[in-house]
$ cat input-v1.pdb   # PDB, C-alpha atoms
ATOM      1  CA  MET A   1      -7.523   1.143   6.334  1.00  0.00           C
ATOM      2  CA  LEU A   2      -4.597   0.953   8.757  1.00  0.00           C
ATOM      3  CA  GLU A   3      -5.499  -2.659   9.499  1.00  0.00           C
ATOM      4  CA  PHE A   4      -5.553  -3.467   5.780  1.00  0.00           C
ATOM      5  CA  LEU A   5      -2.143  -1.857   5.188  1.00  0.00           C
ATOM      6  CA  THR A   6      -0.714  -3.599   8.249  1.00  0.00           C
ATOM      7  CA  VAL A   7      -1.865  -7.030   7.079  1.00  0.00           C
ATOM      8  CA  ALA A   8      -0.599  -6.348   3.543  1.00  0.00           C
ATOM      9  CA  ALA A   9       2.841  -5.289   4.803  1.00  0.00           C
ATOM     10  CA  GLN A  10       3.028  -8.154   7.281  1.00  0.00           C
ATOM     11  CA  GLN A  11       2.214 -10.708   4.590  1.00  0.00           C
ATOM     12  CA  ARG A  12       4.755  -9.089   2.273  1.00  0.00           C
ATOM     13  CA  GLN A  13       7.353  -9.451   5.038  1.00  0.00           C
ATOM     14  CA  GLU A  14       6.511 -13.128   5.511  1.00  0.00           C
ATOM     15  CA  ARG A  15       6.454 -14.005   1.805  1.00  0.00           C
ATOM     16  CA  ASP A  16       8.824 -12.667  -0.815  1.00  0.00           C
ATOM     17  CA  LEU A  17       6.517 -11.908  -3.718  1.00  0.00           C
ATOM     18  CA  SER A  18       8.895  -9.573  -5.517  1.00  0.00           C
ATOM     19  CA  PHE A  19       9.201 -12.044  -8.391  1.00  0.00           C
ATOM     20  CA  LEU A  20       5.659 -11.060  -9.405  1.00  0.00           C
ATOM     21  CA  GLN A  21       6.902  -7.598 -10.327  1.00  0.00           C
ATOM     22  CA  GLU A  22       8.909  -9.100 -13.157  1.00  0.00           C
ATOM     23  CA  ALA A  23       6.182 -11.499 -14.267  1.00  0.00           C
ATOM     24  CA  GLY A  24       5.338 -11.302 -17.940  1.00  0.00           C
ATOM     25  CA  GLN A  25       1.850 -10.969 -19.326  1.00  0.00           C
ATOM     26  CA  LEU A  26      -0.802 -11.686 -16.722  1.00  0.00           C
ATOM     27  CA  SER A  27      -2.976 -14.746 -17.071  1.00  0.00           C
ATOM     28  CA  SER A  28      -6.706 -14.071 -17.210  1.00  0.00           C
ATOM     29  CA  GLU A  29      -7.106 -15.385 -13.645  1.00  0.00           C
ATOM     30  CA  VAL A  30      -4.362 -13.130 -12.292  1.00  0.00           C
ATOM     31  CA  ALA A  31      -5.740 -10.156 -14.234  1.00  0.00           C
ATOM     32  CA  ALA A  32      -9.224 -10.812 -12.810  1.00  0.00           C
ATOM     33  CA  SER A  33      -7.832 -11.108  -9.268  1.00  0.00           C
ATOM     34  CA  ARG A  34      -5.867  -7.903  -9.725  1.00  0.00           C
ATOM     35  CA  ALA A  35      -8.968  -6.057 -10.985  1.00  0.00           C
ATOM     36  CA  ALA A  36     -10.981  -7.363  -8.012  1.00  0.00           C
ATOM     37  CA  MET A  37      -8.244  -6.199  -5.614  1.00  0.00           C
ATOM     38  CA  PHE A  38      -8.293  -2.712  -7.132  1.00  0.00           C
ATOM     39  CA  GLN A  39     -12.082  -2.581  -6.781  1.00  0.00           C
ATOM     40  CA  VAL A  40     -11.976  -3.667  -3.119  1.00  0.00           C
ATOM     41  CA  VAL A  41      -9.192  -1.216  -2.261  1.00  0.00           C
ATOM     42  CA  ASP A  42     -11.025   1.603  -4.092  1.00  0.00           C
ATOM     43  CA  THR A  43     -14.111   0.870  -1.983  1.00  0.00           C
ATOM     44  CA  LEU A  44     -12.031   0.773   1.218  1.00  0.00           C
ATOM     45  CA  VAL A  45     -10.407   4.116   0.397  1.00  0.00           C
ATOM     46  CA  ASP A  46     -13.767   5.666  -0.542  1.00  0.00           C
ATOM     47  CA  ARG A  47     -15.179   4.652   2.849  1.00  0.00           C
ATOM     48  CA  ALA A  48     -12.109   5.905   4.698  1.00  0.00           C
ATOM     49  CA  ARG A  49     -12.332   9.204   2.826  1.00  0.00           C
ATOM     50  CA  GLU A  50     -16.067   9.537   3.621  1.00  0.00           C
ATOM     51  CA  HIS A  51     -15.299   9.049   7.326  1.00  0.00           C
ATOM     52  CA  GLY A  52     -12.486  11.598   7.283  1.00  0.00           C
ATOM     53  CA  ALA A  53      -9.828   8.973   8.021  1.00  0.00           C
ATOM     54  CA  VAL A  54      -7.756   9.768   4.933  1.00  0.00           C
ATOM     55  CA  ARG A  55      -7.175  12.944   2.998  1.00  0.00           C
ATOM     56  CA  ALA A  56      -9.597  13.787   0.195  1.00  0.00           C
ATOM     57  CA  ASP A  57      -7.038  13.423  -2.608  1.00  0.00           C
ATOM     58  CA  ILE A  58      -5.989   9.823  -1.830  1.00  0.00           C
ATOM     59  CA  THR A  59      -7.112   7.130  -4.268  1.00  0.00           C
ATOM     60  CA  GLY A  60      -7.223   3.358  -4.150  1.00  0.00           C
ATOM     61  CA  THR A  61      -4.356   3.261  -6.630  1.00  0.00           C
ATOM     62  CA  ASP A  62      -2.268   5.384  -4.257  1.00  0.00           C
ATOM     63  CA  VAL A  63      -2.868   2.866  -1.483  1.00  0.00           C
ATOM     64  CA  ILE A  64      -2.060  -0.123  -3.693  1.00  0.00           C
ATOM     65  CA  LEU A  65       1.219   1.481  -4.707  1.00  0.00           C
ATOM     66  CA  LEU A  66       2.039   2.121  -1.042  1.00  0.00           C
ATOM     67  CA  MET A  67       1.213  -1.420   0.128  1.00  0.00           C
ATOM     68  CA  CYS A  68       4.709  -2.771  -0.460  1.00  0.00           C
ATOM     69  CA  ALA A  69       6.587   0.407   0.445  1.00  0.00           C
ATOM     70  CA  PRO A  70       7.223  -0.365   4.144  1.00  0.00           C
ATOM     71  CA  ASN A  71       8.993  -3.613   3.281  1.00  0.00           C
ATOM     72  CA  TYR A  72      10.746  -2.208   0.253  1.00  0.00           C
ATOM     73  CA  VAL A  73      12.420   0.632   2.128  1.00  0.00           C
ATOM     74  CA  THR A  74      13.638  -1.666   4.893  1.00  0.00           C
ATOM     75  CA  SER A  75      15.238  -3.985   2.347  1.00  0.00           C
ATOM     76  CA  TYR A  76      18.038  -1.424   2.043  1.00  0.00           C
ATOM     77  CA  VAL A  77      19.011  -1.774   5.712  1.00  0.00           C
ATOM     78  CA  PRO A  78      21.424  -4.658   6.299  1.00  0.00           C
ATOM     79  CA  ASP A  79      20.428  -6.808   9.270  1.00  0.00           C
ATOM     80  CA  ALA A  80      17.261  -4.775   9.845  1.00  0.00           C
ATOM     81  CA  SER A  81      14.840  -5.960  12.478  1.00  0.00           C
ATOM     82  CA  PRO A  82      12.045  -8.006  10.886  1.00  0.00           C
ATOM     83  CA  GLU A  83       9.595  -5.549  12.486  1.00  0.00           C
ATOM     84  CA  LEU A  84      11.212  -2.364  11.084  1.00  0.00           C
ATOM     85  CA  TRP A  85       8.519  -2.168   8.373  1.00  0.00           C
ATOM     86  CA  GLN A  86       6.062  -1.126  11.106  1.00  0.00           C
ATOM     87  CA  ARG A  87       7.913   2.166  11.563  1.00  0.00           C
ATOM     88  CA  TYR A  88       7.581   3.046   7.882  1.00  0.00           C
ATOM     89  CA  LEU A  89       3.966   1.948   7.729  1.00  0.00           C
ATOM     90  CA  ALA A  90       3.248   4.418  10.556  1.00  0.00           C
ATOM     91  CA  ILE A  91       5.023   7.207   8.645  1.00  0.00           C
ATOM     92  CA  ILE A  92       3.084   6.358   5.474  1.00  0.00           C
ATOM     93  CA  PHE A  93      -0.244   6.182   7.287  1.00  0.00           C
ATOM     94  CA  ASP A  94       0.377   9.537   8.973  1.00  0.00           C
ATOM     95  CA  GLY A  95       0.888  10.973   5.480  1.00  0.00           C
ATOM     96  CA  LEU A  96      -2.527   9.639   4.444  1.00  0.00           C
ATOM     97  CA  ARG A  97      -4.326  11.431   7.267  1.00  0.00           C
ATOM     98  CA  PRO A  98      -6.133  14.682   6.489  1.00  0.00           C
ATOM     99  CA  ALA A  99      -4.706  16.574   9.492  1.00  0.00           C
ATOM    100  CA  GLY A 100      -1.846  18.766   8.338  1.00  0.00           C
ATOM    101  CA  ALA A 101      -2.149  17.631   4.711  1.00  0.00           C
ATOM    102  CA  HIS A 102      -0.717  19.824   1.987  1.00  0.00           C
ATOM    103  CA  PRO A 103      -1.638  19.660  -1.708  1.00  0.00           C
ATOM    104  CA  LEU A 104       0.118  16.853  -3.550  1.00  0.00           C
ATOM    105  CA  PRO A 105       2.461  17.883  -6.376  1.00  0.00           C
ATOM    106  CA  GLN A 106       1.153  15.436  -8.996  1.00  0.00           C
ATOM    107  CA  PRO A 107      -2.242  13.902  -9.791  1.00  0.00           C
ATOM    108  CA  PRO A 108      -2.788  10.249  -8.892  1.00  0.00           C
ATOM    109  CA  PRO A 109      -1.886   7.587 -11.447  1.00  0.00           C
ATOM    110  CA  ALA A 110      -4.647   5.874 -13.370  1.00  0.00           C
ATOM    111  CA  ALA A 111      -5.612   2.406 -12.222  1.00  0.00           C
ATOM    112  CA  PRO A 112      -4.247  -0.329 -14.483  1.00  0.00           C
TER
END
$ encode --input "input-v1.pdb" --output "structure tokens"
Amino acid sequence: MLEFLTVAAQQRQERDLSFLQEAGQLSSEVAASRAAMFQVVDTLVDRAREHGAVRADITGTDVILLMCAPNYVTSYVPDASPELWQRYLAIIFDGLRPAGAHPLPQPPPAAP
């Protein structure tokens, strides 16, 4: 799971895909790709949960929403090192681990 999040954040750093957030209605191909991505990430999170690598209350949707977070938070730092996202990925991943986990205040969002 850490490898997946690292690759996702690294690719986000290399390519600015933020314009997709404002994209209008999804084409059928993009919608199908998005659904496939959710299914793959759900499976990855299920496996990580079964192996005790992530806390029991983490969902695939949680992970998808966190994929862009390391790059997003560093966008607020002028002249940030291009590798600063790695620090925030480590903080995020530590929060996914079961050790020291506390109950989350809200239920997970539904998958789109």
$ residues_near_point --input "input-v1.pdb" --point "(-9.1, 14.5, 3.7)" --cutoff "10 Å" --atoms "all atoms listed in the file" --output "MDAnalysis selection string"
chainID A and resid 48:58 96:101
$ atom_distance --input "input-v1.pdb" --atom1 "atom CA of A:Pro82" --atom2 "atom CA of A:Asp62"
24.8 Å
$ resolve_selection --input "input-v1.pdb" --expression "the PyMOL selection byres ((chain A and resi 74) around 12)" --output "PyMOL selection string"
chain A and resi 9+12-13+68-73+75-89
$ atom_distance --input "input-v1.pdb" --atom1 "atom CA of A:Ser27" --atom2 "atom CA of A:Ile64"
19.8 Å
$ residues_near_point --input "input-v1.pdb" --point "(-1.6, -3.5, 1.8)" --cutoff "12 Å" --atoms "all atoms listed in the file" --output "PDB file with C-alpha atoms, keeping the file's coordinate frame"
ATOM      1  CA  MET A   1      -7.523   1.143   6.334  1.00  0.00           C
ATOM      2  CA  LEU A   2      -4.597   0.953   8.757  1.00  0.00           C
ATOM      3  CA  GLU A   3      -5.499  -2.659   9.499  1.00  0.00           C
ATOM      4  CA  PHE A   4      -5.553  -3.467   5.780  1.00  0.00           C
ATOM      5  CA  LEU A   5      -2.143  -1.857   5.188  1.00  0.00           C
ATOM      6  CA  THR A   6      -0.714  -3.599   8.249  1.00  0.00           C
ATOM      7  CA  VAL A   7      -1.865  -7.030   7.079  1.00  0.00           C
ATOM      8  CA  ALA A   8      -0.599  -6.348   3.543  1.00  0.00           C
ATOM      9  CA  ALA A   9       2.841  -5.289   4.803  1.00  0.00           C
ATOM     10  CA  GLN A  10       3.028  -8.154   7.281  1.00  0.00           C
ATOM     11  CA  GLN A  11       2.214 -10.708   4.590  1.00  0.00           C
ATOM     12  CA  ARG A  12       4.755  -9.089   2.273  1.00  0.00           C
ATOM     13  CA  GLN A  13       7.353  -9.451   5.038  1.00  0.00           C
ATOM     14  CA  MET A  37      -8.244  -6.199  -5.614  1.00  0.00           C
ATOM     15  CA  PHE A  38      -8.293  -2.712  -7.132  1.00  0.00           C
ATOM     16  CA  VAL A  40     -11.976  -3.667  -3.119  1.00  0.00           C
ATOM     17  CA  VAL A  41      -9.192  -1.216  -2.261  1.00  0.00           C
ATOM     18  CA  LEU A  44     -12.031   0.773   1.218  1.00  0.00           C
ATOM     19  CA  VAL A  45     -10.407   4.116   0.397  1.00  0.00           C
ATOM     20  CA  GLY A  60      -7.223   3.358  -4.150  1.00  0.00           C
ATOM     21  CA  THR A  61      -4.356   3.261  -6.630  1.00  0.00           C
ATOM     22  CA  ASP A  62      -2.268   5.384  -4.257  1.00  0.00           C
ATOM     23  CA  VAL A  63      -2.868   2.866  -1.483  1.00  0.00           C
ATOM     24  CA  ILE A  64      -2.060  -0.123  -3.693  1.00  0.00           C
ATOM     25  CA  LEU A  65       1.219   1.481  -4.707  1.00  0.00           C
ATOM     26  CA  LEU A  66       2.039   2.121  -1.042  1.00  0.00           C
ATOM     27  CA  MET A  67       1.213  -1.420   0.128  1.00  0.00           C
ATOM     28  CA  CYS A  68       4.709  -2.771  -0.460  1.00  0.00           C
ATOM     29  CA  ALA A  69       6.587   0.407   0.445  1.00  0.00           C
ATOM     30  CA  PRO A  70       7.223  -0.365   4.144  1.00  0.00           C
ATOM     31  CA  ASN A  71       8.993  -3.613   3.281  1.00  0.00           C
ATOM     32  CA  LEU A  89       3.966   1.948   7.729  1.00  0.00           C
ATOM     33  CA  ILE A  92       3.084   6.358   5.474  1.00  0.00           C
ATOM     34  CA  PHE A  93      -0.244   6.182   7.287  1.00  0.00           C
TER      35      PHE A  93
END
$ closest_residue --input "input-v1.pdb" --among "A:Thr59, A:Val30, A:Gly95, A:Ala90" --to "A:Pro107" --atoms "all atoms listed in the file"
A:Thr59
$ closest_residue --input "input-v1.pdb" --among "A:Asp94, A:Ala111, A:Asp46, A:Leu104" --to "A:Arg34" --atoms "all atoms listed in the file"
A:Ala111
$ atom_distance --input "input-v1.pdb" --atom1 "atom CA of A:Pro105" --atom2 "atom CA of A:Gln39"
25.1 Å
$ build_atoms --input "input-v1.pdb" --residues "stretch 34-45 of chain A" --atoms "all heavy atoms" --output "PDB file, in the coordinates of the input"
ATOM      1  N   ARG A  34      -6.428  -9.240  -9.878  1.00  0.00           N
ATOM      2  CA  ARG A  34      -5.867  -7.903  -9.725  1.00  0.00           C
ATOM      3  C   ARG A  34      -6.973  -6.861  -9.841  1.00  0.00           C
ATOM      4  O   ARG A  34      -7.036  -5.919  -9.045  1.00  0.00           O
ATOM      5  CB  ARG A  34      -4.803  -7.688 -10.793  1.00  0.00           C
ATOM      6  CG  ARG A  34      -4.140  -6.353 -10.728  1.00  0.00           C
ATOM      7  CD  ARG A  34      -3.089  -6.250 -11.801  1.00  0.00           C
ATOM      8  NE  ARG A  34      -2.529  -4.927 -11.792  1.00  0.00           N
ATOM      9  CZ  ARG A  34      -1.460  -4.579 -12.448  1.00  0.00           C
ATOM     10  NH1 ARG A  34      -0.811  -5.464 -13.174  1.00  0.00           N
ATOM     11  NH2 ARG A  34      -1.008  -3.352 -12.392  1.00  0.00           N
ATOM     12  N   ALA A  35      -7.863  -7.000 -10.813  1.00  0.00           N
ATOM     13  CA  ALA A  35      -8.968  -6.057 -10.985  1.00  0.00           C
ATOM     14  C   ALA A  35      -9.878  -6.063  -9.757  1.00  0.00           C
ATOM     15  O   ALA A  35     -10.327  -5.005  -9.301  1.00  0.00           O
ATOM     16  CB  ALA A  35      -9.758  -6.400 -12.247  1.00  0.00           C
ATOM     17  N   ALA A  36     -10.144  -7.260  -9.210  1.00  0.00           N
ATOM     18  CA  ALA A  36     -10.981  -7.363  -8.012  1.00  0.00           C
ATOM     19  C   ALA A  36     -10.307  -6.677  -6.831  1.00  0.00           C
ATOM     20  O   ALA A  36     -10.962  -5.989  -6.042  1.00  0.00           O
ATOM     21  CB  ALA A  36     -11.269  -8.830  -7.696  1.00  0.00           C
ATOM     22  N   MET A  37      -8.975  -6.843  -6.705  1.00  0.00           N
ATOM     23  CA  MET A  37      -8.244  -6.199  -5.614  1.00  0.00           C
ATOM     24  C   MET A  37      -8.351  -4.685  -5.736  1.00  0.00           C
ATOM     25  O   MET A  37      -8.615  -3.999  -4.747  1.00  0.00           O
ATOM     26  CB  MET A  37      -6.774  -6.616  -5.616  1.00  0.00           C
ATOM     27  CG  MET A  37      -5.974  -5.928  -4.517  1.00  0.00           C
ATOM     28  SD  MET A  37      -4.211  -6.273  -4.536  1.00  0.00           S
ATOM     29  CE  MET A  37      -3.696  -5.380  -5.988  1.00  0.00           C
ATOM     30  N   PHE A  38      -8.183  -4.154  -6.945  1.00  0.00           N
ATOM     31  CA  PHE A  38      -8.293  -2.712  -7.132  1.00  0.00           C
ATOM     32  C   PHE A  38      -9.691  -2.225  -6.744  1.00  0.00           C
ATOM     33  O   PHE A  38      -9.828  -1.190  -6.104  1.00  0.00           O
ATOM     34  CB  PHE A  38      -7.963  -2.327  -8.580  1.00  0.00           C
ATOM     35  CG  PHE A  38      -6.507  -2.041  -8.795  1.00  0.00           C
ATOM     36  CD1 PHE A  38      -5.616  -3.076  -9.023  1.00  0.00           C
ATOM     37  CD2 PHE A  38      -6.028  -0.746  -8.766  1.00  0.00           C
ATOM     38  CE1 PHE A  38      -4.262  -2.821  -9.219  1.00  0.00           C
ATOM     39  CE2 PHE A  38      -4.682  -0.477  -8.957  1.00  0.00           C
ATOM     40  CZ  PHE A  38      -3.791  -1.508  -9.192  1.00  0.00           C
ATOM     41  N   GLN A  39     -10.709  -2.982  -7.107  1.00  0.00           N
ATOM     42  CA  GLN A  39     -12.082  -2.581  -6.781  1.00  0.00           C
ATOM     43  C   GLN A  39     -12.295  -2.564  -5.265  1.00  0.00           C
ATOM     44  O   GLN A  39     -12.885  -1.622  -4.727  1.00  0.00           O
ATOM     45  CB  GLN A  39     -13.077  -3.518  -7.455  1.00  0.00           C
ATOM     46  CG  GLN A  39     -14.510  -3.092  -7.259  1.00  0.00           C
ATOM     47  CD  GLN A  39     -15.473  -3.981  -8.049  1.00  0.00           C
ATOM     48  OE1 GLN A  39     -15.085  -4.898  -8.750  1.00  0.00           O
ATOM     49  NE2 GLN A  39     -16.750  -3.696  -7.916  1.00  0.00           N
ATOM     50  N   VAL A  40     -11.816  -3.597  -4.580  1.00  0.00           N
ATOM     51  CA  VAL A  40     -11.976  -3.667  -3.119  1.00  0.00           C
ATOM     52  C   VAL A  40     -11.218  -2.526  -2.444  1.00  0.00           C
ATOM     53  O   VAL A  40     -11.737  -1.864  -1.537  1.00  0.00           O
ATOM     54  CB  VAL A  40     -11.505  -5.037  -2.588  1.00  0.00           C
ATOM     55  CG1 VAL A  40     -11.375  -5.041  -1.077  1.00  0.00           C
ATOM     56  CG2 VAL A  40     -12.468  -6.131  -3.042  1.00  0.00           C
ATOM     57  N   VAL A  41      -9.981  -2.286  -2.876  1.00  0.00           N
ATOM     58  CA  VAL A  41      -9.192  -1.216  -2.261  1.00  0.00           C
ATOM     59  C   VAL A  41      -9.816   0.146  -2.565  1.00  0.00           C
ATOM     60  O   VAL A  41      -9.861   1.021  -1.690  1.00  0.00           O
ATOM     61  CB  VAL A  41      -7.716  -1.297  -2.699  1.00  0.00           C
ATOM     62  CG1 VAL A  41      -6.930  -0.090  -2.193  1.00  0.00           C
ATOM     63  CG2 VAL A  41      -7.086  -2.585  -2.177  1.00  0.00           C
ATOM     64  N   ASP A  42     -10.328   0.351  -3.774  1.00  0.00           N
ATOM     65  CA  ASP A  42     -11.025   1.603  -4.092  1.00  0.00           C
ATOM     66  C   ASP A  42     -12.196   1.822  -3.138  1.00  0.00           C
ATOM     67  O   ASP A  42     -12.392   2.931  -2.629  1.00  0.00           O
ATOM     68  CB  ASP A  42     -11.535   1.602  -5.533  1.00  0.00           C
ATOM     69  CG  ASP A  42     -10.460   1.879  -6.556  1.00  0.00           C
ATOM     70  OD1 ASP A  42      -9.402   2.451  -6.190  1.00  0.00           O
ATOM     71  OD2 ASP A  42     -10.664   1.534  -7.741  1.00  0.00           O
ATOM     72  N   THR A  43     -12.970   0.775  -2.899  1.00  0.00           N
ATOM     73  CA  THR A  43     -14.111   0.870  -1.983  1.00  0.00           C
ATOM     74  C   THR A  43     -13.640   1.187  -0.566  1.00  0.00           C
ATOM     75  O   THR A  43     -14.227   2.044   0.113  1.00  0.00           O
ATOM     76  CB  THR A  43     -14.922  -0.444  -1.997  1.00  0.00           C
ATOM     77  OG1 THR A  43     -15.399  -0.667  -3.331  1.00  0.00           O
ATOM     78  CG2 THR A  43     -16.098  -0.381  -1.040  1.00  0.00           C
ATOM     79  N   LEU A  44     -12.581   0.528  -0.119  1.00  0.00           N
ATOM     80  CA  LEU A  44     -12.031   0.773   1.218  1.00  0.00           C
ATOM     81  C   LEU A  44     -11.582   2.230   1.355  1.00  0.00           C
ATOM     82  O   LEU A  44     -11.892   2.899   2.354  1.00  0.00           O
ATOM     83  CB  LEU A  44     -10.853  -0.173   1.467  1.00  0.00           C
ATOM     84  CG  LEU A  44     -10.099   0.005   2.775  1.00  0.00           C
ATOM     85  CD1 LEU A  44     -10.981  -0.356   3.961  1.00  0.00           C
ATOM     86  CD2 LEU A  44      -8.843  -0.866   2.769  1.00  0.00           C
ATOM     87  N   VAL A  45     -10.890   2.733   0.352  1.00  0.00           N
ATOM     88  CA  VAL A  45     -10.407   4.116   0.397  1.00  0.00           C
ATOM     89  C   VAL A  45     -11.583   5.095   0.332  1.00  0.00           C
ATOM     90  O   VAL A  45     -11.590   6.101   1.056  1.00  0.00           O
ATOM     91  CB  VAL A  45      -9.384   4.378  -0.725  1.00  0.00           C
ATOM     92  CG1 VAL A  45      -9.025   5.858  -0.818  1.00  0.00           C
ATOM     93  CG2 VAL A  45      -8.131   3.547  -0.490  1.00  0.00           C
TER      94      VAL A  45
END
